[in-house]
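Participant: Next comes the structure file data.pdb, holding PDB, C-alpha atoms, pLDDT in the B column.
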ATOM      1  CA  MET R   1     262.730 188.594 240.489  1.00 67.00           C
ATOM      2  CA  LYS R   2     264.115 187.928 243.931  1.00 88.00           C
ATOM      3  CA  ARG R   3     267.323 185.878 243.892  1.00 91.00           C
ATOM      4  CA  ASN R   4     267.272 182.457 245.528  1.00 94.00           C
ATOM      5  CA  PRO R   5     269.674 182.535 248.518  1.00 95.00           C
ATOM      6  CA  ASN R   6     271.485 179.472 247.165  1.00 96.00           C
ATOM      7  CA  LEU R   7     272.715 181.625 244.265  1.00 96.00           C
ATOM      8  CA  TYR R   8     273.908 184.511 246.472  1.00 95.00           C
ATOM      9  CA  PRO R   9     277.638 183.659 246.339  1.00 95.00           C
ATOM     10  CA  LEU R  10     277.623 183.873 242.535  1.00 96.00           C
ATOM     11  CA  SER R  11     275.453 187.000 242.514  1.00 95.00           C
ATOM     12  CA  HIS R  12     277.736 188.706 245.037  1.00 93.00           C
ATOM     13  CA  GLN R  13     280.689 188.011 242.780  1.00 94.00           C
ATOM     14  CA  HIS R  14     278.693 189.388 239.855  1.00 95.00           C
ATOM     15  CA  HIS R  15     278.282 192.633 241.763  1.00 93.00           C
ATOM     16  CA  ASN R  16     282.045 192.814 242.124  1.00 94.00           C
ATOM     17  CA  GLY R  17     282.436 192.123 238.398  1.00 95.00           C
ATOM     18  CA  LEU R  18     280.103 195.001 237.581  1.00 95.00           C
ATOM     19  CA  MET R  19     282.204 197.261 239.806  1.00 95.00           C
ATOM     20  CA  ALA R  20     285.286 196.248 237.794  1.00 96.00           C
ATOM     21  CA  VAL R  21     283.390 197.078 234.588  1.00 96.00           C
ATOM     22  CA  LEU R  22     282.530 200.515 235.953  1.00 96.00           C
ATOM     23  CA  PHE R  23     286.132 201.159 237.006  1.00 96.00           C
ATOM     24  CA  LEU R  24     287.410 200.179 233.560  1.00 96.00           C
ATOM     25  CA  GLU R  25     284.864 202.441 231.845  1.00 96.00           C
ATOM     26  CA  LYS R  26     286.006 205.336 234.021  1.00 96.00           C
ATOM     27  CA  GLY R  27     289.647 204.473 233.369  1.00 96.00           C
ATOM     28  CA  LEU R  28     289.116 204.488 229.615  1.00 95.00           C
ATOM     29  CA  THR R  29     287.250 207.799 229.811  1.00 95.00           C
ATOM     30  CA  LYS R  30     290.106 209.316 231.810  1.00 96.00           C
ATOM     31  CA  ASN R  31     292.763 207.819 229.495  1.00 95.00           C
ATOM     32  CA  ALA R  32     294.270 205.944 232.415  1.00 96.00           C
ATOM     33  CA  ASP R  33     297.553 204.146 231.901  1.00 95.00           C
ATOM     34  CA  LEU R  34     297.003 201.049 229.787  1.00 94.00           C
ATOM     35  CA  LYS R  35     299.438 198.915 231.788  1.00 94.00           C
ATOM     36  CA  ILE R  36     297.663 199.767 235.039  1.00 95.00           C
ATOM     37  CA  MET R  37     294.273 198.786 233.582  1.00 96.00           C
ATOM     38  CA  LYS R  38     295.820 195.580 232.205  1.00 96.00           C
ATOM     39  CA  ASP R  39     297.221 194.763 235.645  1.00 95.00           C
ATOM     40  CA  PHE R  40     293.821 195.520 237.191  1.00 96.00           C
ATOM     41  CA  ILE R  41     292.085 193.090 234.813  1.00 96.00           C
ATOM     42  CA  LEU R  42     294.617 190.365 235.599  1.00 95.00           C
ATOM     43  CA  TYR R  43     294.253 191.101 239.319  1.00 93.00           C
ATOM     44  CA  CYS R  44     290.452 190.666 239.067  1.00 94.00           C
ATOM     45  CA  TRP R  45     290.911 187.517 236.993  1.00 95.00           C
ATOM     46  CA  GLU R  46     293.311 185.887 239.433  1.00 92.00           C
ATOM     47  CA  ALA R  47     291.507 187.066 242.585  1.00 90.00           C
ATOM     48  CA  GLU R  48     288.038 185.964 241.615  1.00 91.00           C
ATOM     49  CA  LEU R  49     286.895 185.656 237.996  1.00 94.00           C
ATOM     50  CA  ASP R  50     288.845 182.544 237.029  1.00 95.00           C
ATOM     51  CA  ASP R  51     287.556 180.542 240.006  1.00 94.00           C
ATOM     52  CA  HIS R  52     284.073 181.990 239.465  1.00 95.00           C
ATOM     53  CA  PHE R  53     283.970 180.732 235.875  1.00 97.00           C
ATOM     54  CA  ILE R  54     285.255 177.282 236.804  1.00 97.00           C
ATOM     55  CA  THR R  55     282.679 176.997 239.587  1.00 96.00           C
ATOM     56  CA  GLU R  56     279.828 178.044 237.304  1.00 97.00           C
ATOM     57  CA  GLU R  57     280.902 175.611 234.611  1.00 97.00           C
ATOM     58  CA  LYS R  58     280.929 172.738 237.081  1.00 96.00           C
ATOM     59  CA  GLN R  59     277.975 173.610 239.285  1.00 96.00           C
ATOM     60  CA  LEU R  60     275.521 175.060 236.757  1.00 96.00           C
ATOM     61  CA  ASN R  61     275.808 172.085 234.441  1.00 95.00           C
ATOM     62  CA  PRO R  62     272.260 171.158 233.345  1.00 94.00           C
ATOM     63  CA  SER R  63     272.962 167.464 234.059  1.00 89.00           C
ATOM     64  CA  LEU R  64     273.997 168.208 237.622  1.00 86.00           C
ATOM     65  CA  LEU R  65     270.955 170.449 238.156  1.00 89.00           C
ATOM     66  CA  GLN R  66     268.727 167.903 236.386  1.00 89.00           C
ATOM     67  CA  LEU R  67     267.610 170.669 233.991  1.00 91.00           C
ATOM     68  CA  PRO R  68     268.169 169.445 230.437  1.00 93.00           C
ATOM     69  CA  GLN R  69     266.036 172.362 229.210  1.00 94.00           C
ATOM     70  CA  ALA R  70     268.794 174.734 230.432  1.00 95.00           C
ATOM     71  CA  GLU R  71     271.311 173.353 227.925  1.00 95.00           C
ATOM     72  CA  GLU R  72     271.065 176.323 225.521  1.00 96.00           C
ATOM     73  CA  LEU R  73     271.588 178.848 228.328  1.00 97.00           C
ATOM     74  CA  TYR R  74     274.485 176.795 229.670  1.00 97.00           C
ATOM     75  CA  LEU R  75     276.137 176.643 226.239  1.00 97.00           C
ATOM     76  CA  ARG R  76     275.817 180.418 225.888  1.00 98.00           C
ATOM     77  CA  MET R  77     277.449 180.841 229.303  1.00 98.00           C
ATOM     78  CA  MET R  78     280.292 178.530 228.283  1.00 98.00           C
ATOM     79  CA  SER R  79     280.798 180.389 224.998  1.00 98.00           C
ATOM     80  CA  GLU R  80     280.963 183.752 226.732  1.00 98.00           C
ATOM     81  CA  HIS R  81     283.390 182.365 229.314  1.00 98.00           C
ATOM     82  CA  GLN R  82     285.652 181.240 226.478  1.00 98.00           C
ATOM     83  CA  GLN R  83     285.454 184.632 224.774  1.00 98.00           C
ATOM     84  CA  ILE R  84     286.488 186.325 228.021  1.00 98.00           C
ATOM     85  CA  ARG R  85     289.300 183.796 228.529  1.00 98.00           C
ATOM     86  CA  ASN R  86     290.542 184.566 225.004  1.00 97.00           C
ATOM     87  CA  ILE R  87     290.754 188.255 225.893  1.00 96.00           C
ATOM     88  CA  ILE R  88     292.562 187.420 229.148  1.00 97.00           C
ATOM     89  CA  ASP R  89     295.049 185.280 227.214  1.00 96.00           C
ATOM     90  CA  ALA R  90     295.674 188.107 224.739  1.00 95.00           C
ATOM     91  CA  ILE R  91     296.205 190.571 227.589  1.00 95.00           C
ATOM     92  CA  LYS R  92     298.633 188.156 229.271  1.00 95.00           C
ATOM     93  CA  GLU R  93     300.550 187.978 225.978  1.00 94.00           C
ATOM     94  CA  GLY R  94     300.959 191.766 226.027  1.00 90.00           C
ATOM     95  CA  LYS R  95     298.367 192.504 223.369  1.00 87.00           C
ATOM     96  CA  GLU R  96     296.451 194.940 225.544  1.00 84.00           C
ATOM     97  CA  SER R  97     294.993 198.040 223.955  1.00 91.00           C
ATOM     98  CA  ASN R  98     292.166 200.421 224.675  1.00 91.00           C
ATOM     99  CA  THR R  99     290.056 198.368 222.253  1.00 93.00           C
ATOM    100  CA  MET R 100     290.937 195.128 224.054  1.00 93.00           C
ATOM    101  CA  ILE R 101     290.101 196.627 227.451  1.00 95.00           C
ATOM    102  CA  GLU R 102     286.842 198.016 226.085  1.00 95.00           C
ATOM    103  CA  SER R 103     285.999 194.588 224.623  1.00 95.00           C
ATOM    104  CA  PHE R 104     286.722 192.961 227.972  1.00 97.00           C
ATOM    105  CA  HIS R 105     284.537 195.279 230.024  1.00 95.00           C
ATOM    106  CA  THR R 106     281.718 195.251 227.455  1.00 97.00           C
ATOM    107  CA  LEU R 107     281.655 191.461 227.232  1.00 98.00           C
ATOM    108  CA  LEU R 108     281.967 191.000 231.001  1.00 98.00           C
ATOM    109  CA  GLU R 109     279.048 193.341 231.640  1.00 98.00           C
ATOM    110  CA  LYS R 110     276.901 191.684 228.951  1.00 98.00           C
ATOM    111  CA  HIS R 111     277.779 188.267 230.351  1.00 98.00           C
ATOM    112  CA  ILE R 112     276.929 189.153 233.956  1.00 98.00           C
ATOM    113  CA  ARG R 113     273.629 190.722 232.894  1.00 98.00           C
ATOM    114  CA  PHE R 114     272.777 187.559 230.912  1.00 98.00           C
ATOM    115  CA  GLU R 115     273.422 185.325 233.896  1.00 98.00           C
ATOM    116  CA  GLU R 116     271.533 187.545 236.341  1.00 97.00           C
ATOM    117  CA  ARG R 117     268.571 188.249 234.047  1.00 97.00           C
ATOM    118  CA  GLU R 118     268.199 184.963 232.168  1.00 97.00           C
ATOM    119  CA  LEU R 119     270.251 182.027 233.448  1.00 97.00           C
ATOM    120  CA  PHE R 120     269.769 182.429 237.208  1.00 97.00           C
ATOM    121  CA  PRO R 121     266.018 183.168 236.994  1.00 96.00           C
ATOM    122  CA  PHE R 122     265.602 180.080 234.816  1.00 96.00           C
ATOM    123  CA  ILE R 123     267.538 177.908 237.259  1.00 96.00           C
ATOM    124  CA  GLN R 124     265.724 179.127 240.329  1.00 94.00           C
ATOM    125  CA  GLU R 125     262.333 178.779 238.629  1.00 94.00           C
ATOM    126  CA  HIS R 126     262.881 175.282 237.224  1.00 95.00           C
ATOM    127  CA  ALA R 127     265.389 173.500 239.467  1.00 95.00           C
ATOM    128  CA  SER R 128     264.144 171.413 242.346  1.00 94.00           C
ATOM    129  CA  GLU R 129     264.594 172.706 245.876  1.00 95.00           C
ATOM    130  CA  ALA R 130     267.015 169.837 246.538  1.00 95.00           C
ATOM    131  CA  ALA R 131     269.115 170.806 243.495  1.00 95.00           C
ATOM    132  CA  LEU R 132     269.183 174.446 244.616  1.00 95.00           C
ATOM    133  CA  ILE R 133     270.227 173.499 248.158  1.00 96.00           C
ATOM    134  CA  SER R 134     272.978 171.256 246.799  1.00 95.00           C
ATOM    135  CA  LEU R 135     274.130 174.070 244.514  1.00 96.00           C
ATOM    136  CA  GLY R 136     274.214 176.467 247.458  1.00 96.00           C
ATOM    137  CA  GLU R 137     276.355 174.030 249.436  1.00 95.00           C
ATOM    138  CA  GLN R 138     278.769 173.587 246.513  1.00 94.00           C
ATOM    139  CA  ILE R 139     279.287 177.321 245.957  1.00 95.00           C
ATOM    140  CA  SER R 140     279.298 178.496 249.572  1.00 93.00           C
ATOM    141  CA  HIS R 141     283.126 178.494 249.530  1.00 88.00           C
ATOM    142  CA  LEU R 142     283.318 181.309 246.972  1.00 89.00           C
ATOM    143  CA  LYS R 143     285.116 184.341 248.277  1.00 83.00           C
ATOM    144  CA  ASN R 144     283.651 187.748 247.706  1.00 80.00           C
ATOM    145  CA  GLY R 145     286.656 189.848 246.821  1.00 76.00           C
ATOM    146  CA  ASN R 146     286.403 193.509 246.107  1.00 77.00           C
ATOM    147  CA  CYS R 147     288.131 195.004 243.105  1.00 83.00           C
ATOM    148  CA  SER R 148     287.977 198.430 244.742  1.00 80.00           C
ATOM    149  CA  ASN R 149     290.802 197.152 246.991  1.00 83.00           C
ATOM    150  CA  TYR R 150     293.148 197.396 244.005  1.00 88.00           C
ATOM    151  CA  LEU R 151     295.998 199.663 245.103  1.00 88.00           C
ATOM    152  CA  VAL R 152     296.064 202.005 242.111  1.00 90.00           C
ATOM    153  CA  LYS R 153     292.752 203.874 241.856  1.00 93.00           C
ATOM    154  CA  PHE R 154     293.062 204.648 238.143  1.00 91.00           C
ATOM    155  CA  TRP R 155     289.310 205.269 237.942  1.00 92.00           C
ATOM    156  CA  GLU R 156     289.332 208.247 240.326  1.00 91.00           C
TER     157      GLU R 156
END
Could you show the structure in this file as structure tokens?
Facilitator:
Amino acid sequence: MKRNPNLYPLSHQHHNGLMAVLFLEKGLTKNADLKIMKDFILYCWEAELDDHFITEEKQLNPSLLQLPQAEELYLRMMSEHQQIRNIIDAIKEGKESNTMIESFHTLLEKHIRFEERELFPFIQEHASEAALISLGEQISHLKNGNCSNYLVKFWE
């Protein structure tokens, strides 16, 4: 399904998130330094993911979009956001491990795929054109960072 242009800023950030997932997979395969991968995750979180989650939680609210039938999808999104935040909190507390990093990248990939394959298609199919335009205006500020700019290329 072709993505509605009003959702592009979120989808572009999802692409960046999938790049981070790929880099972490490569890092784990290469037994990259755990501290470097931890710092990379926190870099991605601070540079883009945290703001991305907050924006989605505010702007994709079924009440705001006038889509009460999207409530279940929205609640799943919120639950997955919280699971990812819990991993971020554990990493910030110094509890990083290969298992924690693997959990992070697995959950992030699953979450992005859910939003791109289920949530966004539902929104663009059922939301009014006015709601989609308003959404596009509200998320147009999102920056499209690039995790490949991280200084230490642990994935190479």
Participant: Please identify all polymer residues within 8 Å of Ile112 in chain R, counting all atoms listed in the file, omitting same-chain residues fewer than 6 positions from it, and present them as a list in words.
Facilitator: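 Non-adjacent residues within range: His14, Gly17 and Leu18 of chain R.
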Participant: Looking at only C-alpha atoms, which of R:Leu151, R:Ile87, R:Leu135, R:Leu142 is the one that sits closest to Pro62 in chain R?
Facilitator: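 Selected residue with least distance to Pro62 in chain R: R:Leu135.
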Participant: Excluding same-chain residues fewer than 6 positions from Gln83 in chain R, what lies within 10 Å of it counting all atoms listed in the file, as a PyMOL selection string?
Facilitator: chain R and resi 77+89+103-104+107-108
Participant: Those same residues, written as a CSV table (one decimal), keeping the file's coordinate frame with C-alpha atoms?
Facilitator:
chain,number,residue,atom,x,y,z
R,77,MET,CA,277.4,180.8,229.3
R,89,ASP,CA,295.0,185.3,227.2
R,103,SER,CA,286.0,194.6,224.6
R,104,PHE,CA,286.7,193.0,228.0
R,107,LEU,CA,281.7,191.5,227.2
R,108,LEU,CA,282.0,191.0,231.0
Participant: Distance CA of Pro9 in chain R-CA of Leu73 in chain R, one decimal place?
Facilitator: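 Those two atoms sit 19.6 Å apart.
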Participant: Name the residues in contact with Ile88 in chain R at a cut-off of 12 Å, using all atoms listed in the file, excluding same-chain residues fewer than 5 positions from it; report them as a ChimeraX atom specification.
Facilitator: /R:38-46,49-50,81-83,93-96,100-101,103-105,107-108
Participant: What residues come out when you apply the PyMOL selection byres ((chain R and resi 6) around 10) to this file, written as a list in words?
Facilitator: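 Output of the PyMOL selection byres ((chain R and resi 6) around 10): Arg3, Asn4, Pro5, Leu7, Tyr8, Pro9, Leu10, Ser11, Gln124, Glu129, Ala131, Leu132, Ile133, Ser134, Leu135, Gly136, Glu137, Gln138, Ile139 and Ser140 of chain R.
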Participant: Convert the current residue selection to file output with C-alpha atoms, as a tab-separated table (two decimals), in the coordinates of the input.
Facilitator:
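Ended up saving to part-v6.tsv:
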chain	number	residue	atom	x	y	z
R	3	ARG	CA	267.32	185.88	243.89
R	4	ASN	CA	267.27	182.46	245.53
R	5	PRO	CA	269.67	182.54	248.52
R	7	LEU	CA	272.71	181.62	244.26
R	8	TYR	CA	273.91	184.51	246.47
R	9	PRO	CA	277.64	183.66	246.34
R	10	LEU	CA	277.62	183.87	242.54
R	11	SER	CA	275.45	187.00	242.51
R	124	GLN	CA	265.72	179.13	240.33
R	129	GLU	CA	264.59	172.71	245.88
R	131	ALA	CA	269.12	170.81	243.50
R	132	LEU	CA	269.18	174.45	244.62
R	133	ILE	CA	270.23	173.50	248.16
R	134	SER	CA	272.98	171.26	246.80
R	135	LEU	CA	274.13	174.07	244.51
R	136	GLY	CA	274.21	176.47	247.46
R	137	GLU	CA	276.36	174.03	249.44
R	138	GLN	CA	278.77	173.59	246.51
R	139	ILE	CA	279.29	177.32	245.96
R	140	SER	CA	279.30	178.50	249.57
Participant: Hey, what's within 12 Å of Lys26 in chain R if we count only C-alpha atoms and toss same-chain stuff fewer than 2 positions away? As an MDAnalysis selection string, please?
Facilitator: chainID R and resid 19:24 28:33 37 101:102 105 153:156
Participant: When the PyMOL selection byres ((chain R and resi 118-122) around 8) is applied to the file above, which residues end up in the set, as a PyMOL selection string?
Facilitator: chain R and resi 1+3+7+70+73-74+113-117+123-126
Participant: So which one's closest to Lys58 in chain R, R:Met78, R:Ile91, R:Ala127, R:Glu72? Using all atoms listed in the file, please.
Facilitator: R:Met78
Participant: Please, what distance in Å, to one decimal, runs between CA of Lys143 in chain R and CA of Gln13 in chain R?
Facilitator: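 Atom-to-atom, CA of Lys143 in chain R to CA of Gln13 in chain R, that is 8.0 Å.
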Participant: How far is it from CA of Asn144 in chain R to CA of Asn98 in chain R, in Å with one decimal?
Facilitator: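 The value is 27.6 Å.
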Participant: Can you tell me, as a list in words, what residues are no more than 8 Å from Gly145 in chain R when counting all atoms listed in the file, ignoring any on the same chain fewer than 3 positions away?
Facilitator: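 Listing them by chain and then by number gives Gln13, Asn16, Ala47 and Glu48 of chain R.
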Participant: Starting from the sparse input, extend range 6-31 of chain R to N, CA, C and O atoms and give the output as a CSV table (one decimal), in the frame of the given file.
Facilitator:
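And here's rebuild-v5.csv as it stands now:
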chain,number,residue,atom,x,y,z
R,6,ASN,N,270.5,180.4,247.5
R,6,ASN,CA,271.5,179.5,247.2
R,6,ASN,C,272.4,180.0,246.0
R,6,ASN,O,273.4,179.4,245.8
R,7,LEU,N,271.9,181.0,245.3
R,7,LEU,CA,272.7,181.6,244.3
R,7,LEU,C,273.5,182.9,244.7
R,7,LEU,O,274.2,183.5,243.9
R,8,TYR,N,273.3,183.3,246.0
R,8,TYR,CA,273.9,184.5,246.5
R,8,TYR,C,275.4,184.6,246.2
R,8,TYR,O,275.9,185.6,245.8
R,9,PRO,N,276.2,183.5,246.5
R,9,PRO,CA,277.6,183.7,246.3
R,9,PRO,C,278.0,184.1,244.9
R,9,PRO,O,278.9,184.9,244.7
R,10,LEU,N,277.3,183.5,243.9
R,10,LEU,CA,277.6,183.9,242.5
R,10,LEU,C,277.1,185.3,242.3
R,10,LEU,O,277.9,186.1,241.6
R,11,SER,N,276.0,185.6,242.7
R,11,SER,CA,275.5,187.0,242.5
R,11,SER,C,276.3,188.1,243.2
R,11,SER,O,276.5,189.1,242.6
R,12,HIS,N,276.8,187.8,244.4
R,12,HIS,CA,277.7,188.7,245.0
R,12,HIS,C,279.0,188.9,244.2
R,12,HIS,O,279.5,190.1,244.1
R,13,GLN,N,279.5,187.9,243.6
R,13,GLN,CA,280.7,188.0,242.8
R,13,GLN,C,280.3,188.8,241.5
R,13,GLN,O,281.2,189.5,241.0
R,14,HIS,N,279.1,188.6,241.0
R,14,HIS,CA,278.7,189.4,239.9
R,14,HIS,C,278.7,190.9,240.2
R,14,HIS,O,279.1,191.7,239.3
R,15,HIS,N,278.3,191.2,241.4
R,15,HIS,CA,278.3,192.6,241.8
R,15,HIS,C,279.7,193.2,241.7
R,15,HIS,O,279.9,194.3,241.2
R,16,ASN,N,280.6,192.4,242.2
R,16,ASN,CA,282.0,192.8,242.1
R,16,ASN,C,282.5,193.0,240.7
R,16,ASN,O,283.2,193.9,240.3
R,17,GLY,N,282.1,192.0,239.8
R,17,GLY,CA,282.4,192.1,238.4
R,17,GLY,C,281.9,193.4,237.8
R,17,GLY,O,282.6,194.0,236.9
R,18,LEU,N,280.7,193.8,238.1
R,18,LEU,CA,280.1,195.0,237.6
R,18,LEU,C,280.8,196.2,238.1
R,18,LEU,O,281.0,197.2,237.4
R,19,MET,N,281.4,196.2,239.3
R,19,MET,CA,282.2,197.3,239.8
R,19,MET,C,283.5,197.4,239.0
R,19,MET,O,283.9,198.5,238.6
R,20,ALA,N,284.1,196.2,238.6
R,20,ALA,CA,285.3,196.2,237.8
R,20,ALA,C,285.0,196.9,236.4
R,20,ALA,O,285.8,197.6,235.9
R,21,VAL,N,283.8,196.5,235.9
R,21,VAL,CA,283.4,197.1,234.6
R,21,VAL,C,283.3,198.6,234.7
R,21,VAL,O,283.8,199.3,233.8
R,22,LEU,N,282.7,199.1,235.7
R,22,LEU,CA,282.5,200.5,236.0
R,22,LEU,C,283.9,201.2,236.1
R,22,LEU,O,284.1,202.2,235.5
R,23,PHE,N,284.8,200.6,236.8
R,23,PHE,CA,286.1,201.2,237.0
R,23,PHE,C,286.9,201.2,235.7
R,23,PHE,O,287.5,202.2,235.4
R,24,LEU,N,286.7,200.2,234.9
R,24,LEU,CA,287.4,200.2,233.6
R,24,LEU,C,286.8,201.2,232.6
R,24,LEU,O,287.5,201.9,231.9
R,25,GLU,N,285.5,201.4,232.7
R,25,GLU,CA,284.9,202.4,231.8
R,25,GLU,C,285.4,203.8,232.2
R,25,GLU,O,285.7,204.6,231.4
R,26,LYS,N,285.5,204.1,233.5
R,26,LYS,CA,286.0,205.3,234.0
R,26,LYS,C,287.5,205.5,233.6
R,26,LYS,O,287.9,206.6,233.2
R,27,GLY,N,288.2,204.4,233.8
R,27,GLY,CA,289.6,204.5,233.4
R,27,GLY,C,289.8,204.8,231.9
R,27,GLY,O,290.7,205.6,231.5
R,28,LEU,N,289.0,204.2,231.0
R,28,LEU,CA,289.1,204.5,229.6
R,28,LEU,C,288.7,205.9,229.3
R,28,LEU,O,289.4,206.6,228.5
R,29,THR,N,287.7,206.4,230.0
R,29,THR,CA,287.2,207.8,229.8
R,29,THR,C,288.3,208.8,230.2
R,29,THR,O,288.5,209.8,229.6
R,30,LYS,N,289.1,208.4,231.3
R,30,LYS,CA,290.1,209.3,231.8
R,30,LYS,C,291.5,209.1,231.2
R,30,LYS,O,292.5,209.6,231.6
R,31,ASN,N,291.5,208.2,230.2
R,31,ASN,CA,292.8,207.8,229.5
R,31,ASN,C,293.8,207.4,230.5
R,31,ASN,O,295.0,207.7,230.4
